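*Asks:* Structure incoming, see below.
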Amino acid sequence: WTCAAIWFCILASNYGVMFWLPTIVKGMTGLSATQTGLVVALPNAAAAIGLLLNARHSDRTGERPLHIAVPALIGGSGLLAAYLLGPGLPGLVMLVIGAGCAGCTVAAFWALPPQLLPPGALAMGIVMINMLGSFAGATVPVAMGALREASGSFLPPTLLLFGIACVCAALCLVVRRQIGNEADAR
């Protein structure tokens with residue numbers, strides 16, 4: 001269940017960024033559609049690079065939960081800082097860092113279920129994790145839109161993503177403890 005909740009948080013962050021980033025960039029900067037597309041490509045490129053580097057380091061060290069928790073927290077903080085800094089180079093840098101870190105957690109996550117689930121339950125566990133996690137795509141973008149409409153600002157949706165990142169990090173610390181307790185029991 002914890003893995004399903006973490007996967008929900010990861011997908012929620014990624015869907016929130018994916019669906020709303022062009023609107024946020026356009027609203028913050030007033031750039032043309034082409035310019036907005038180029039700016040939005042930067043965080044996606046950062047996420048691709050971060051995904052590879054984070055997964056490689058996670059594989060080298062064998063440590064998984066912190067390779068999800070730390071980028072999630074940096075990602076949520078970066079998105080919030082980007083909003084607070086507004087248009088301009090510092091805001092853009094934080095946007096790239098925030099969205100890039102939010103996107104780089106995926107590979108490290110999928111090493112967790114085999115550490116927590118017995119081999120006989122792994123296949124069904126992965127199905128359940130995916131099913132429950134996929135609700136993020138149906139709920140978080142809608143919630144962000146409702147918050148945006150109700151407030152007239154992108155601050156509440158940004159705070160939602162920040163909160164989801166904090167929950168993700170906390171859940172990863174729970175999993176880290178579970179893995180440590182199982183290792184101690186052996």
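Going by the structure tokens order, chains are called A, B, ..., each with residues numbered from 1, while ligands are numbered from 1 in the order shown.
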As a compact mmCIF listing (two decimals) with C-alpha atoms, in the first residue's frame, please: the residues near stretch 85-96 of chain A (cut-off 7 Å, only C-alpha atoms, same-chain neighbours under 5 positions excluded).
*Replies:*
```
# COMPACT_ATOMS: atom_id res chain seq x y z
CA MET A 28 3.80 34.00 -16.01
CA THR A 29 5.66 35.25 -19.04
CA LEU A 42 13.73 22.62 -20.78
CA PRO A 43 12.25 20.96 -17.66
CA ALA A 46 16.24 18.14 -17.30
CA GLY A 78 11.76 24.17 -6.96
CA LEU A 79 8.25 24.52 -8.35
```
*Asks:* Name all residues at most 10 Å from A:Ala146 (count only C-alpha atoms; drop same-chain ones fewer than 6 positions away) and give them as a PyMOL selection string.
*Replies:* chain A and resi 140+152+156-157
*Asks:* Kindly indicate which residue among A:Val106, A:Met128, A:Ile97, A:Met144 lies nearest to A:Ala4, using only C-alpha atoms for the distances.
*Replies:*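 Nearest to A:Ala4: A:Met128.
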*Asks:* One decimal, in Å: what's the spacing between atom CA of A:Val142 and atom CA of A:Ala69?
*Replies:* 24.6 Å
*Asks:* Can you pull out the residues contacting A:Ser13? Cut-off 8 Å, using only C-alpha atoms, and skip same-chain residues under 2 positions away; I want them as a list in words.
*Replies:* Cys9, Ile10, Leu11, Tyr15, Gly16, Val17, Ala102, Gly103, Leu161, Ile164 and Ala165 of chain A
*Asks:* Keeping N, CA and C atoms, export the residues of the selection given above as a tab-separated table (two decimals), in the first residue's frame.
*Replies:*
```tsv
chain	number	residue	atom	x	y	z
A	9	CYS	N	1.83	9.62	-5.68
A	9	CYS	CA	2.48	10.93	-5.51
A	9	CYS	C	3.41	11.25	-6.68
A	10	ILE	N	4.18	10.27	-7.11
A	10	ILE	CA	5.10	10.49	-8.24
A	10	ILE	C	4.31	10.87	-9.49
A	11	LEU	N	3.28	10.08	-9.79
A	11	LEU	CA	2.47	10.37	-10.97
A	11	LEU	C	1.72	11.69	-10.83
A	15	TYR	N	2.07	14.43	-13.58
A	15	TYR	CA	0.89	14.86	-14.33
A	15	TYR	C	0.62	16.34	-14.10
A	16	GLY	N	0.77	16.78	-12.85
A	16	GLY	CA	0.56	18.19	-12.56
A	16	GLY	C	1.49	19.08	-13.38
A	17	VAL	N	2.74	18.69	-13.45
A	17	VAL	CA	3.71	19.46	-14.25
A	17	VAL	C	3.38	19.34	-15.73
A	102	ALA	N	11.17	16.44	-10.16
A	102	ALA	CA	9.90	15.71	-10.05
A	102	ALA	C	9.86	14.55	-11.03
A	103	GLY	N	10.44	14.74	-12.20
A	103	GLY	CA	10.40	13.71	-13.23
A	103	GLY	C	11.45	12.63	-13.10
A	161	LEU	N	1.06	20.69	-5.38
A	161	LEU	CA	2.19	19.88	-5.85
A	161	LEU	C	3.30	19.81	-4.80
A	164	ILE	N	2.15	17.36	-2.17
A	164	ILE	CA	2.27	15.98	-2.66
A	164	ILE	C	3.72	15.52	-2.61
A	165	ALA	N	4.65	16.41	-2.95
A	165	ALA	CA	6.08	16.07	-2.89
A	165	ALA	C	6.50	15.77	-1.45
```
*Asks:* Just want the 12 Å neighbourhood of A:Leu38, counted on only C-alpha atoms, with same-chain residues fewer than 6 positions away dropped. Output as a ChimeraX atom specification.
*Replies:* /A:21-22,25-26,31-32,44-45,92,96
*Asks:* For A:Leu173, list every protein, DNA or RNA residue within 12 Å, evaluated using only C-alpha atoms, and leave out those in the same chain fewer than 5 positions away; present the list as a PyMOL selection string.
*Replies:* chain A and resi 2-3+6+63-70+166-168+178-180
*Asks:* Measuring between only C-alpha atoms, which one of A:Pro114, A:Gly100, A:Gly125, A:Pro119 shows the shortest distance to A:Met18?
*Replies:*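 Under the stated criterion, the closest residue is A:Gly100.
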*Asks:* So, with only C-alpha atoms as the atoms that count, which of A:Gly145, A:Leu51, A:Trp7, A:Thr61 lies closest to A:Trp110?
*Replies:*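 The answer is A:Trp7, which sits nearest to A:Trp110.
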*Asks:* Just the number, please: distance in Å from atom CA of A:Ala107 to atom CA of A:Trp1, one decimal.
*Replies:*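 That distance, rounded to one decimal, is 18.6 Å.
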